[in-house]
file model-v2.cif (mmCIF, C-alpha atoms)
data_target
#
loop_
_atom_site.label_atom_id
_atom_site.label_comp_id
_atom_site.auth_asym_id
_atom_site.auth_seq_id
_atom_site.Cartn_x
_atom_site.Cartn_y
_atom_site.Cartn_z
CA MET A 16 0.00 0.00 0.00
CA ALA A 17 1.07 3.54 -0.53
CA GLU A 18 2.71 4.90 2.55
CA ARG A 19 0.79 8.07 2.11
CA GLY A 20 -2.46 8.71 0.33
CA THR A 21 -2.97 11.07 -2.51
CA GLY A 22 -4.46 13.62 -0.14
CA ARG A 23 -1.14 14.12 1.59
CA ARG A 24 0.88 14.25 -1.53
CA ALA A 25 0.62 17.97 -2.12
CA GLU A 26 2.08 18.66 1.31
CA HIS A 27 4.92 16.27 0.79
CA LEU A 28 5.81 17.73 -2.55
CA THR A 29 6.18 21.21 -1.23
CA ALA A 30 8.60 20.09 1.45
CA VAL A 31 11.64 20.32 -0.78
CA PRO A 32 11.36 24.01 -1.40
CA GLU A 33 11.96 25.86 -4.66
CA THR A 34 12.36 22.70 -6.74
CA PRO A 35 8.92 21.10 -6.98
CA ALA A 36 9.39 20.56 -10.70
CA PRO A 37 12.46 20.07 -12.83
CA VAL A 38 14.19 23.35 -13.55
CA ASP A 39 16.17 24.11 -16.64
CA ALA A 40 19.82 24.78 -15.93
CA GLY A 41 20.10 26.92 -19.06
CA ASP A 42 17.32 29.25 -17.94
CA LEU A 43 18.89 29.49 -14.51
CA LEU A 44 22.32 30.19 -15.91
CA ARG A 45 20.95 32.99 -18.09
CA ALA A 46 19.27 34.52 -15.04
CA VAL A 47 22.51 34.14 -13.09
CA ALA A 48 24.36 35.99 -15.85
CA ARG A 49 21.99 38.91 -15.18
CA GLY A 50 23.00 38.88 -11.52
CA ASP A 51 20.00 36.96 -10.19
CA GLU A 52 21.16 35.53 -6.86
CA LYS A 53 17.97 33.61 -6.30
CA ALA A 54 18.43 31.80 -9.60
CA PHE A 55 21.96 31.04 -8.53
CA GLY A 56 20.60 29.39 -5.38
CA LYS A 57 18.46 27.13 -7.53
CA LEU A 58 21.31 26.38 -9.87
CA TYR A 59 23.40 25.54 -6.83
CA ASP A 60 20.82 23.01 -5.67
CA LEU A 61 20.79 21.44 -9.10
CA VAL A 62 24.51 21.06 -9.66
CA ALA A 63 26.32 21.31 -6.33
CA PRO A 64 26.20 17.58 -5.51
CA ARG A 65 27.83 16.73 -8.81
CA VAL A 66 30.30 19.60 -8.65
CA TYR A 67 31.29 18.61 -5.12
CA GLY A 68 31.20 14.90 -5.93
CA LEU A 69 33.40 15.28 -8.98
CA ILE A 70 35.94 17.45 -7.19
CA ARG A 71 35.91 15.11 -4.26
CA ARG A 72 36.47 12.15 -6.52
CA VAL A 73 39.55 13.83 -7.98
CA LEU A 74 40.92 15.22 -4.72
CA ARG A 75 39.70 12.45 -2.41
CA ASP A 76 39.83 14.85 0.51
CA PRO A 77 36.43 16.22 1.60
CA ALA A 78 37.88 19.34 3.21
CA GLN A 79 39.85 20.31 0.14
CA ALA A 80 36.97 19.29 -2.09
CA GLU A 81 34.70 21.67 -0.23
CA GLU A 82 37.15 24.51 -0.67
CA VAL A 83 37.67 23.86 -4.37
CA ALA A 84 33.94 23.33 -4.94
CA GLN A 85 33.36 26.75 -3.45
CA GLU A 86 35.90 28.29 -5.81
CA ALA A 87 34.37 26.53 -8.78
CA LEU A 88 30.80 27.52 -7.92
CA VAL A 89 31.77 31.13 -7.36
CA GLU A 90 33.52 30.97 -10.74
CA VAL A 91 30.23 29.82 -12.28
CA TRP A 92 28.58 32.90 -10.81
CA ARG A 93 31.37 35.19 -11.93
CA SER A 94 31.57 34.04 -15.52
CA ALA A 95 27.98 32.94 -16.17
CA SER A 96 27.69 35.40 -19.05
CA ARG A 97 30.45 33.52 -20.87
CA PHE A 98 28.37 30.38 -21.16
CA ASP A 99 27.58 29.79 -24.82
CA PRO A 100 24.60 27.46 -25.31
CA SER A 101 25.56 26.80 -28.91
CA ARG A 102 28.66 25.00 -27.63
CA GLY A 103 26.98 22.64 -25.20
CA THR A 104 24.86 22.13 -22.14
CA PRO A 105 25.07 24.25 -19.00
CA THR A 106 26.01 21.24 -16.90
CA ALA A 107 28.91 20.28 -19.16
CA TRP A 108 30.13 23.88 -18.96
CA ILE A 109 29.87 23.87 -15.19
CA PHE A 110 31.62 20.50 -14.80
CA THR A 111 34.40 21.69 -17.07
CA ILE A 112 35.04 24.56 -14.67
CA ALA A 113 34.83 22.24 -11.68
CA HIS A 114 37.09 19.57 -13.17
CA ARG A 115 39.76 22.02 -14.18
CA ARG A 116 39.79 23.56 -10.72
CA ALA A 117 40.16 20.13 -9.17
CA VAL A 118 42.96 19.18 -11.53
CA ASP A 119 44.76 22.46 -10.90
CA ARG A 120 44.63 21.73 -7.20
CA VAL A 121 45.91 18.19 -7.60
CA ARG A 122 48.80 19.34 -9.75
CA SER A 123 49.73 22.14 -7.40
CA GLU A 124 49.83 19.75 -4.50
CA GLN A 125 53.50 19.29 -3.82
CA ALA A 126 53.20 16.98 -0.88
CA ALA A 127 51.58 13.97 -2.42
CA THR A 128 52.29 11.87 0.65
CA GLU A 129 50.54 14.35 2.87
CA ARG A 130 47.51 14.04 0.68
CA THR A 131 47.63 10.28 0.85
CA ILE A 132 47.59 10.43 4.62
CA ARG A 133 44.64 12.74 4.61
CA VAL A 134 42.81 10.47 2.24
CA GLY A 135 42.99 7.73 4.84
CA VAL A 136 41.25 9.90 7.39
CA ALA A 137 38.80 11.22 4.86
CA SER A 138 37.53 7.89 3.71
CA VAL A 139 34.92 7.92 6.46
CA ASP A 140 31.90 9.16 4.61
CA THR A 141 29.69 11.92 5.90
CA PRO A 142 25.99 11.12 6.15
CA TYR A 143 25.42 13.36 3.15
CA ASP A 144 27.19 10.86 0.96
CA ALA A 145 24.48 8.32 1.34
CA VAL A 146 22.57 9.68 -1.62
CA VAL A 147 25.43 9.18 -3.98
CA ASP A 148 25.89 5.58 -3.35
CA GLU A 149 22.30 4.75 -3.11
CA VAL A 150 20.39 6.54 -5.78
CA SER A 151 22.00 8.40 -8.58
CA GLY A 152 25.21 6.60 -7.87
CA ARG A 153 23.77 3.22 -8.53
CA LEU A 154 21.62 4.29 -11.41
CA GLU A 155 23.96 6.55 -13.28
CA ARG A 156 26.91 4.36 -12.59
CA GLN A 157 25.18 1.44 -14.16
CA GLN A 158 25.26 3.19 -17.51
CA VAL A 159 28.60 4.88 -17.07
CA ARG A 160 30.10 1.61 -15.91
CA ARG A 161 28.56 -0.35 -18.74
CA CYS A 162 29.96 2.12 -21.24
CA LEU A 163 33.35 2.14 -19.55
CA ASP A 164 33.31 -1.64 -19.71
CA ASP A 165 32.87 -1.38 -23.46
CA LEU A 166 36.25 0.29 -23.80
CA THR A 167 39.50 -1.55 -24.23
CA GLU A 168 41.51 -1.85 -21.03
CA LEU A 169 43.96 0.78 -22.21
CA GLN A 170 41.25 3.22 -23.25
CA ARG A 171 39.49 2.84 -19.93
CA GLN A 172 42.63 3.27 -17.87
CA ALA A 173 43.73 6.28 -19.90
CA VAL A 174 40.36 8.02 -19.55
CA THR A 175 39.75 7.26 -15.88
CA LEU A 176 43.29 7.98 -14.67
CA ALA A 177 43.07 11.38 -16.29
CA TYR A 178 39.48 12.27 -15.47
CA TYR A 179 38.90 10.80 -12.05
CA GLN A 180 42.42 11.13 -10.71
CA GLY A 181 43.55 14.28 -12.45
CA HIS A 182 46.76 12.87 -13.94
CA SER A 183 48.39 14.55 -16.93
CA TYR A 184 48.72 12.40 -20.03
CA PRO A 185 52.51 12.08 -19.67
CA ARG A 186 51.91 10.80 -16.15
CA VAL A 187 49.22 8.42 -17.41
CA ALA A 188 51.68 7.14 -20.03
CA GLU A 189 54.21 6.56 -17.30
CA LEU A 190 51.71 4.80 -15.03
CA LEU A 191 50.58 2.54 -17.85
CA GLY A 192 54.05 2.02 -19.33
CA THR A 193 52.68 3.09 -22.72
CA PRO A 194 54.18 5.48 -25.28
CA LEU A 195 52.89 9.06 -25.16
CA PRO A 196 51.32 9.13 -28.64
CA THR A 197 49.42 5.95 -27.85
CA VAL A 198 48.02 7.40 -24.65
CA LYS A 199 46.89 10.57 -26.39
CA THR A 200 45.16 8.54 -29.06
CA ARG A 201 43.54 6.15 -26.58
CA MET A 202 42.13 9.07 -24.59
CA ARG A 203 40.53 10.48 -27.70
CA ASP A 204 39.18 7.28 -29.19
CA GLY A 205 38.11 6.10 -25.74
CA LEU A 206 36.03 9.26 -25.30
CA ILE A 207 34.57 8.89 -28.78
CA ARG A 208 33.49 5.36 -27.93
CA LEU A 209 31.99 6.54 -24.65
CA ARG A 210 30.15 9.29 -26.49
CA ASP A 211 28.63 6.76 -28.87
CA CYS A 212 27.71 4.44 -26.01
CA MET A 213 26.11 7.12 -23.85
CA GLY A 214 24.51 8.94 -26.74
CA THR A 215 25.80 12.32 -25.66
CA GLY A 216 26.01 14.58 -28.63
CA VAL A 217 25.73 18.33 -28.40
CA SER A 218 22.89 18.33 -30.85
CA SER A 219 21.05 15.24 -29.60
CA MET B 30 51.53 20.26 -36.85
CA THR B 31 47.78 20.16 -37.38
CA THR B 32 47.52 16.39 -37.14
CA GLU B 33 49.92 16.36 -34.26
CA ILE B 34 48.03 18.94 -32.26
CA HIS B 35 44.73 17.35 -33.10
CA THR B 36 45.63 14.24 -31.16
CA LEU B 37 45.49 16.44 -28.06
CA ALA B 38 41.66 16.56 -28.24
CA GLY B 39 41.33 13.66 -25.77
CA PRO B 40 43.88 14.88 -23.22
CA TYR B 41 42.52 18.43 -23.60
CA VAL B 42 38.94 17.47 -22.77
CA LEU B 43 40.15 15.39 -19.83
CA ASP B 44 42.26 18.32 -18.54
CA ALA B 45 45.31 16.10 -18.89
CA VAL B 46 47.39 18.73 -20.69
CA ASP B 47 49.67 21.38 -19.23
CA ASP B 48 49.00 25.11 -19.54
CA ILE B 49 51.16 25.56 -22.64
CA GLU B 50 49.53 22.70 -24.48
CA ARG B 51 46.12 23.97 -23.46
CA ALA B 52 46.85 27.43 -24.85
CA SER B 53 48.16 26.08 -28.15
CA PHE B 54 45.27 23.66 -28.50
CA GLU B 55 42.76 26.44 -27.84
CA ARG B 56 44.45 28.51 -30.52
CA HIS B 57 44.06 25.56 -32.85
CA LEU B 58 40.38 25.24 -31.91
CA ARG B 59 39.65 28.79 -32.95
CA GLU B 60 40.71 27.93 -36.50
CA CYS B 61 39.26 24.45 -36.74
CA ASP B 62 35.47 24.15 -36.74
CA PRO B 63 35.29 20.34 -36.86
CA CYS B 64 37.78 20.14 -33.99
CA ARG B 65 35.64 22.50 -31.94
CA ALA B 66 32.55 20.43 -32.66
CA GLU B 67 34.37 17.30 -31.58
CA VAL B 68 35.63 18.89 -28.38
CA ASP B 69 32.14 20.14 -27.55
CA GLU B 70 30.74 16.65 -27.97
CA LEU B 71 33.45 15.04 -25.93
CA ARG B 72 32.83 17.56 -23.18
CA GLU B 73 29.23 16.37 -22.96
CA THR B 74 30.63 12.87 -22.62
CA THR B 75 32.97 13.75 -19.80
CA ALA B 76 30.06 15.56 -18.14
CA ARG B 77 28.34 12.19 -17.98
CA LEU B 78 31.36 10.78 -16.20
CA ALA B 79 30.80 13.56 -13.67
CA ASP B 80 27.14 12.56 -13.30
CA SER B 81 28.22 9.36 -11.63
CA THR B 82 30.15 11.15 -8.91
CA TRP B 83 27.20 12.53 -6.89
CA SER B 84 28.11 13.43 -3.36
CA VAL B 85 25.89 15.73 -1.39
CA PRO B 86 28.06 18.51 0.03
CA PRO B 87 27.91 19.70 3.62
CA PRO B 88 25.10 22.27 4.07
CA ARG B 89 27.56 25.01 5.00
CA LEU B 90 28.96 24.95 1.47
CA ARG B 91 25.72 26.46 0.23
CA GLU B 92 25.81 29.24 2.80
CA ASN B 93 29.46 29.97 2.07
CA VAL B 94 29.00 30.05 -1.68
CA LEU B 95 25.93 32.25 -1.50
CA ALA B 96 27.70 34.64 0.86
CA GLU B 97 30.70 34.74 -1.44
CA ILE B 98 28.77 35.50 -4.61
CA GLY B 99 27.22 38.48 -2.85
CA ARG B 100 30.74 39.90 -2.71
CA THR B 101 31.85 38.77 -6.16
CA ARG B 102 31.56 40.97 -9.21
CA GLN B 103 30.42 39.22 -12.37
CA VAL B 104 32.07 39.30 -15.75
CA SER B 105 30.10 41.89 -17.73
CA LEU B 106 27.54 40.65 -20.22
CA SER B 107 29.02 42.82 -22.94
CA ASP B 108 32.30 40.90 -22.67
CA SER B 109 30.67 37.72 -23.84
CA PRO B 110 29.87 36.55 -27.35
CA PRO B 111 26.21 36.55 -28.44
CA ALA B 112 24.53 33.35 -27.33
CA LYS B 113 22.31 31.37 -29.63
CA ARG B 114 19.36 29.67 -28.03
CA LYS B 115 19.30 25.95 -28.47
CA SER B 116 17.28 23.47 -26.58
CA PHE B 117 18.40 20.04 -25.54
CA ARG B 118 15.90 17.48 -24.53
CA TRP B 119 18.31 15.35 -22.57
CA GLN B 120 19.41 18.38 -20.66
CA ARG B 121 15.89 18.70 -19.31
CA LEU B 122 15.95 15.04 -18.41
CA THR B 123 19.18 15.51 -16.55
CA ALA B 124 17.59 18.35 -14.66
CA ALA B 125 14.61 16.14 -13.89
CA ALA B 126 16.89 13.40 -12.64
CA ALA B 127 18.69 15.89 -10.46
CA ALA B 128 15.41 17.02 -8.99
CA VAL B 129 14.44 13.44 -8.29
CA VAL B 130 17.64 12.67 -6.53
CA ALA B 131 17.49 15.92 -4.63
CA ALA B 132 14.06 14.89 -3.40
CA VAL B 133 15.35 11.58 -2.09
CA GLY B 134 18.40 12.96 -0.40
CA ALA B 135 18.01 13.24 3.32
CA GLY B 136 20.89 15.70 3.26
CA THR B 137 18.98 17.88 0.87
CA THR B 138 15.93 17.88 3.07
CA VAL B 139 18.00 18.75 6.08
CA TYR B 140 19.55 21.78 4.55
CA ALA B 141 16.40 22.72 2.79
CA VAL B 142 14.90 22.91 6.26
CA GLN B 143 17.84 24.94 7.53
CA ASP B 144 17.53 27.36 4.67
CA GLN B 145 16.57 30.78 6.00
CA ARG B 146 14.19 31.42 3.13
CA VAL B 147 12.14 28.42 4.04
CA ARG B 148 9.27 28.99 6.41
CA ARG B 149 7.33 25.81 6.00
CA GLU B 150 5.39 24.15 8.73
CA ARG B 151 7.57 21.86 10.74
CA VAL B 152 5.24 18.93 10.40
CA VAL B 153 5.52 18.96 6.61
CA ALA B 154 9.28 19.04 6.82
CA GLU B 155 9.27 16.20 9.33
CA GLN B 156 7.14 14.10 7.04
CA ALA B 157 9.41 14.81 4.12
CA ARG B 158 12.45 13.98 6.18
CA ALA B 159 10.98 10.74 7.43
CA GLN B 160 10.05 9.88 3.87
CA ALA B 161 13.53 10.70 2.58
CA GLU B 162 15.16 8.68 5.34
CA ARG B 163 12.92 5.78 4.59
CA ALA B 164 13.78 5.94 0.89
CA ARG B 165 17.44 6.17 1.69
CA ALA B 166 17.30 3.17 3.99
CA ILE B 167 15.56 1.07 1.36
CA LEU B 168 17.98 2.13 -1.35
CA ALA B 169 20.86 1.26 0.94
CA ALA B 170 19.54 -2.22 1.76
CA PRO B 171 21.96 -5.01 0.93
CA ASP B 172 19.26 -6.87 -0.98
CA VAL B 173 17.93 -3.93 -2.99
CA VAL B 174 16.97 -4.78 -6.55
CA LEU B 175 16.75 -2.01 -9.12
CA ARG B 176 14.59 -2.18 -12.19
CA ARG B 177 14.41 0.58 -14.71
CA GLN B 178 12.06 1.02 -17.58
CA ALA B 179 11.44 3.61 -20.27
CA VAL B 180 8.17 5.52 -20.06
CA SER B 181 6.41 5.62 -23.43
CA THR B 182 5.78 9.36 -23.02
CA GLY B 183 9.49 9.90 -22.42
CA GLY B 184 11.90 9.50 -19.56
CA ARG B 185 11.98 6.52 -17.28
CA VAL B 186 10.80 4.99 -14.08
CA THR B 187 13.02 3.14 -11.67
CA VAL B 188 11.75 0.78 -9.00
CA ALA B 189 13.93 -0.30 -6.11
CA THR B 190 12.64 -3.11 -3.93
CA SER B 191 13.98 -4.62 -0.74
CA ARG B 192 12.54 -7.74 0.85
CA LEU B 193 14.39 -6.96 4.06
CA HIS B 194 12.44 -3.74 4.36
CA ASN B 195 9.37 -5.23 2.74
CA ALA B 196 9.13 -1.97 0.84
CA GLY B 197 10.18 -0.24 -2.31
CA VAL B 198 10.96 3.14 -3.77
CA VAL B 199 9.64 4.37 -7.08
CA VAL B 200 11.71 7.06 -8.74
CA LEU B 201 9.87 8.67 -11.61
CA ASP B 202 11.67 10.84 -14.10
CA ALA B 203 9.28 11.01 -17.02
CA GLY B 204 8.74 13.23 -20.01
CA ALA B 205 5.90 15.72 -20.09
CA ALA B 206 2.45 14.20 -19.73
CA PRO B 207 0.01 14.93 -22.56
CA SER B 208 -1.58 18.34 -22.20
CA GLY B 209 -4.15 18.54 -19.40
CA ARG B 210 -3.22 15.11 -18.05
CA VAL B 211 -1.31 13.91 -15.02
CA TYR B 212 0.70 10.85 -14.17
CA GLN B 213 -0.65 8.29 -11.74
CA LEU B 214 1.24 5.39 -10.21
CA TRP B 215 -0.31 2.00 -9.50
CA THR B 216 0.65 -1.20 -7.79
CA ILE B 217 -0.73 -4.52 -8.92
CA ARG B 218 -0.78 -7.47 -6.53
CA PRO B 219 -1.51 -11.09 -7.22
CA GLY B 220 -5.26 -11.68 -7.16
CA GLY B 221 -6.07 -7.99 -6.77
CA GLY B 222 -6.87 -5.09 -9.01
CA PRO B 223 -4.56 -2.11 -9.52
CA VAL B 224 -4.32 0.16 -6.46
CA SER B 225 -3.37 3.81 -6.82
CA ALA B 226 0.04 4.60 -5.43
CA GLY B 227 -0.25 8.32 -5.95
CA VAL B 228 -1.27 11.01 -8.41
CA LEU B 229 1.15 13.65 -9.56
CA HIS B 230 0.35 17.32 -9.99
CA GLN B 231 -0.26 18.79 -13.37
CA GLY B 232 3.07 19.52 -14.99
CA GLN B 233 4.90 17.30 -12.54
CA GLU B 234 7.13 14.72 -14.21
CA ALA B 235 9.34 13.61 -11.37
CA ASP B 236 8.60 12.08 -8.01
CA VAL B 237 9.94 9.70 -5.41
CA VAL B 238 7.46 7.49 -3.58
CA VAL B 239 8.01 4.94 -0.83
CA LEU B 240 5.65 1.97 -1.04
CA ASP B 241 5.21 -0.50 1.79
CA GLY B 242 4.85 -4.16 0.95
CA LEU B 243 6.05 -3.60 -2.59
CA PRO B 244 7.96 -6.89 -2.79
CA GLY B 245 4.54 -8.60 -2.60
CA ALA B 246 3.35 -6.85 -5.74
CA THR B 247 3.82 -8.06 -9.29
CA ASP B 248 3.87 -4.72 -11.12
CA VAL B 249 4.32 -1.02 -10.68
CA GLY B 250 2.37 0.75 -13.39
CA LEU B 251 2.24 4.30 -14.63
CA THR B 252 -0.70 5.78 -16.46
CA VAL B 253 -1.81 9.12 -17.83
CA GLU B 254 -5.04 10.31 -16.20
CA PRO B 255 -7.27 13.35 -15.92
CA PRO B 256 -6.25 15.83 -13.20
CA ASN B 257 -6.62 14.38 -9.68
CA GLY B 258 -6.35 10.85 -11.05
CA SER B 259 -8.74 7.99 -11.62
CA ALA B 260 -10.10 5.13 -9.53
CA THR B 261 -8.93 2.59 -12.07
CA PRO B 262 -6.06 2.91 -14.50
CA THR B 263 -6.69 4.24 -18.00
CA LEU B 264 -5.02 1.79 -20.36
CA PRO B 265 -2.57 1.39 -21.92
CA MET B 266 -0.07 1.99 -19.17
CA VAL B 267 2.81 4.21 -20.20
CA ALA B 268 5.15 2.07 -18.12
CA ASP B 269 4.73 -1.30 -16.46
CA VAL B 270 7.62 -2.47 -14.31
CA LYS B 271 7.50 -6.12 -13.30
CA VAL B 272 8.71 -6.41 -9.75
CA ALA B 273 7.88 -10.02 -8.94
#
call {"tool": "encode", "arguments": {"input": "model-v2.cif", "output": "structure tokens"}}
result
Amino acid sequence: MAERGTGRRAEHLTAVPETPAPVDAGDLLRAVARGDEKAFGKLYDLVAPRVYGLIRRVLRDPAQAEEVAQEALVEVWRSASRFDPSRGTPTAWIFTIAHRRAVDRVRSEQAATERTIRVGVASVDTPYDAVVDEVSGRLERQQVRRCLDDLTELQRQAVTLAYYQGHSYPRVAELLGTPLPTVKTRMRDGLIRLRDCMGTGVSS
Amino acid sequence: MTTEIHTLAGPYVLDAVDDIERASFERHLRECDPCRAEVDELRETTARLADSTWSVPPPRLRENVLAEIGRTRQVSLSDSPPAKRKSFRWQRLTAAAAAVVAAVGAGTTVYAVQDQRVRRERVVAEQARAQAERARAILAAPDVVLRRQAVSTGGRVTVATSRLHNAGVVVLDAGAAPSGRVYQLWTIRPGGGPVSAGVLHQGQEADVVVLDGLPGATDVGLTVEPPNGSATPTLPMVADVKVA
């Protein structure tokens, strides 16, 4: 039986404020470009878990991830007017900003060992993480994982070492013991294969 | 040179290049339309890799970011190139999915409640929180089984069931219902007729519903109905997820 009847539904649905229905990130971003702080709040709610999650995945340290996520999100606010919808989706634009920030931080980290130590401490998840693993995590990952599984071993390693761990391609080549030109090529054809598997075209 | 630099498309999109390579590749992009198109597409692909990294940030991040933007001057509109409007269907779906997940997240509910702009009655918030916690617990169950199906009007419905909890969660992320119609969820049990599991509002395409005893059902159905729903489902169902 339904846990709650239809009569209570309206109340329940208003309990997550401001986002009762799907909102369009493009509309929000355009409003943000005009200095609309309220729209920015909504955009935050829409993308922050992925921005934070992505940065956290790359940095593996929640405290640093929080700091870098803040920088990235403020950057979204600052440069919202530069978003060009003819070049892609708002989320891809936002994740590009977030990923680059995360990678910059990883590369600027001199004390890699220090980071490793912190990772150990950080691996205790906060309660907020539950959502990741349980909903979107499982669902989205099913497709992402399936598509990643479609790649050759070398393609997959090249793409994931760069994207999820923030390694430069020369470093990836070193880690995989593979010549540089091969790694560059595998990154590109790996992404092309992922694109075809996930059906993500700009014009789709 | 052109062929050589073009092989940087992969590393460039993955941010695996250094600053000098990035600058020279971006110079190359300005002159090469097909390269730019390829990079744009591959960026959408890497964005999907980001989709799988969901992690709900601590609530204070929101406060800090919102405080910071109040002090941050924006790049002027006149600095930017003219933007052409283009609409992407899957982008709306992504937004819908985000809304769905946001609705399930206990963390989201917690900071939604903490949000200063929110002045909702406490009882409503408590119900939502209990609901979200329930959904989270079911989704976290070791025996959870996920089934996903396309909705014929667009989008998809996902049903998670757990025998341990003797309950399930329905996550709906559908396309727009036909004009003037609403979505209604149903459960079908062996030897019984369809029972309504909730009616959505007009214009509402996404919802998360916890259903007790769902592992005893055979199907979760979705139909398109007049506003406020019907007593019995209007066939054909737009989605029919077998859960038995």
call {"tool": "resolve_selection", "arguments": {"input": "model-v2.cif", "expression": "the PyMOL selection byres ((chain A and resi 110) around 10)", "output": "tab-separated table (two decimals) with C-alpha atoms, keeping the file's coordinate frame"}}
result
chain	number	residue	atom	x	y	z
A	62	VAL	CA	24.51	21.06	-9.66
A	65	ARG	CA	27.83	16.73	-8.81
A	66	VAL	CA	30.30	19.60	-8.65
A	67	TYR	CA	31.29	18.61	-5.12
A	69	LEU	CA	33.40	15.28	-8.98
A	70	ILE	CA	35.94	17.45	-7.19
A	87	ALA	CA	34.37	26.53	-8.78
A	88	LEU	CA	30.80	27.52	-7.92
A	91	VAL	CA	30.23	29.82	-12.28
A	105	PRO	CA	25.07	24.25	-19.00
A	106	THR	CA	26.01	21.24	-16.90
A	107	ALA	CA	28.91	20.28	-19.16
A	108	TRP	CA	30.13	23.88	-18.96
A	109	ILE	CA	29.87	23.87	-15.19
A	111	THR	CA	34.40	21.69	-17.07
A	112	ILE	CA	35.04	24.56	-14.67
A	113	ALA	CA	34.83	22.24	-11.68
A	114	HIS	CA	37.09	19.57	-13.17
A	115	ARG	CA	39.76	22.02	-14.18
A	116	ARG	CA	39.79	23.56	-10.72
B	72	ARG	CA	32.83	17.56	-23.18
B	73	GLU	CA	29.23	16.37	-22.96
B	75	THR	CA	32.97	13.75	-19.80
B	76	ALA	CA	30.06	15.56	-18.14
B	77	ARG	CA	28.34	12.19	-17.98
B	78	LEU	CA	31.36	10.78	-16.20
B	79	ALA	CA	30.80	13.56	-13.67
B	80	ASP	CA	27.14	12.56	-13.30
call {"tool": "atom_distance", "arguments": {"input": "model-v2.cif", "atom1": "CA of Arg51 in chain B", "atom2": "CA of Glu168 in chain A"}}
result
26.3 Å
call {"tool": "atom_distance", "arguments": {"input": "model-v2.cif", "atom1": "CA of Gly245 in chain B", "atom2": "CA of Arg177 in chain B"}}
result
18.1 Å
call {"tool": "resolve_selection", "arguments": {"input": "model-v2.cif", "expression": "the PyMOL selection byres ((chain B and resi 206) around 12)", "output": "JSON, numbers by chain"}}
result
{"B": [180, 181, 182, 183, 184, 202, 203, 204, 205, 207, 208, 209, 210, 211, 212, 213, 229, 230, 231, 232, 233, 234, 235, 251, 252, 253, 254, 255, 256, 267]}
call {"tool": "resolve_selection", "arguments": {"input": "model-v2.cif", "expression": "the PyMOL selection byres ((chain B and resi 50) around 12)", "output": "PyMOL selection string"}}
result
(chain A and resi 183-184) or (chain B and resi 33-38+40-42+44-49+51-57)
call {"tool": "atom_distance", "arguments": {"input": "model-v2.cif", "atom1": "CA of Leu43 in chain A", "atom2": "CA of Arg102 in chain B"}}
result
17.9 Å
call {"tool": "closest_residue", "arguments": {"input": "model-v2.cif", "among": "B:Leu43, B:Leu175, B:Val238, B:Val228", "to": "Val199 in chain B", "atoms": "all atoms listed in the file"}}
result
B:Val238
call {"tool": "closest_residue", "arguments": {"input": "model-v2.cif", "among": "A:Leu44, A:Ala188, A:Val174, A:Leu74", "to": "chain B", "atoms": "only C-alpha atoms"}}
result
A:Val174
call {"tool": "closest_residue", "arguments": {"input": "model-v2.cif", "among": "A:Leu209, A:Leu195, A:Leu190, A:Ala177", "to": "Leu163 in chain A", "atoms": "all atoms listed in the file"}}
result
A:Leu209
call {"tool": "closest_residue", "arguments": {"input": "model-v2.cif", "among": "B:Ile217, B:Ala164, B:Ala179, B:Ala226", "to": "chain A", "atoms": "only C-alpha atoms"}}
result
B:Ala226
call {"tool": "closest_residue", "arguments": {"input": "model-v2.cif", "among": "A:Val89, A:Val83, A:Val73, A:Cys162", "to": "chain B", "atoms": "all atoms listed in the file"}}
result
A:Val89
call {"tool": "closest_residue", "arguments": {"input": "model-v2.cif", "among": "B:Ala189, B:Ile167, B:Leu214, B:Leu240", "to": "chain A", "atoms": "only C-alpha atoms"}}
result
B:Leu240
call {"tool": "build_atoms", "arguments": {"input": "model-v2.cif", "residues": "range 206-213 of chain A", "atoms": "N, CA and C atoms", "output": "mmCIF file, keeping the file's coordinate frame"}}
result
data_model
loop_
_atom_site.group_PDB
_atom_site.id
_atom_site.type_symbol
_atom_site.label_atom_id
_atom_site.label_comp_id
_atom_site.auth_asym_id
_atom_site.auth_seq_id
_atom_site.Cartn_x
_atom_site.Cartn_y
_atom_site.Cartn_z
ATOM 1 N N LEU A 206 37.133 8.306 -25.523
ATOM 2 C CA LEU A 206 36.030 9.260 -25.300
ATOM 3 C C LEU A 206 35.006 9.179 -26.426
ATOM 4 N N ILE A 207 35.493 8.989 -27.632
ATOM 5 C CA ILE A 207 34.570 8.890 -28.780
ATOM 6 C C ILE A 207 33.680 7.656 -28.613
ATOM 7 N N ARG A 208 34.275 6.581 -28.130
ATOM 8 C CA ARG A 208 33.490 5.360 -27.930
ATOM 9 C C ARG A 208 32.481 5.552 -26.780
ATOM 10 N N LEU A 209 32.910 6.241 -25.749
ATOM 11 C CA LEU A 209 31.990 6.540 -24.650
ATOM 12 C C LEU A 209 30.830 7.401 -25.140
ATOM 13 N N ARG A 210 31.175 8.392 -25.956
ATOM 14 C CA ARG A 210 30.150 9.290 -26.490
ATOM 15 C C ARG A 210 29.102 8.479 -27.249
ATOM 16 N N ASP A 211 29.560 7.557 -28.076
ATOM 17 C CA ASP A 211 28.630 6.760 -28.870
ATOM 18 C C ASP A 211 27.805 5.846 -27.978
ATOM 19 N N CYS A 212 28.424 5.344 -26.929
ATOM 20 C CA CYS A 212 27.710 4.440 -26.010
ATOM 21 C C CYS A 212 26.657 5.188 -25.192
ATOM 22 N N MET A 213 27.018 6.389 -24.727
ATOM 23 C CA MET A 213 26.110 7.120 -23.850
ATOM 24 C C MET A 213 25.157 8.017 -24.627
#
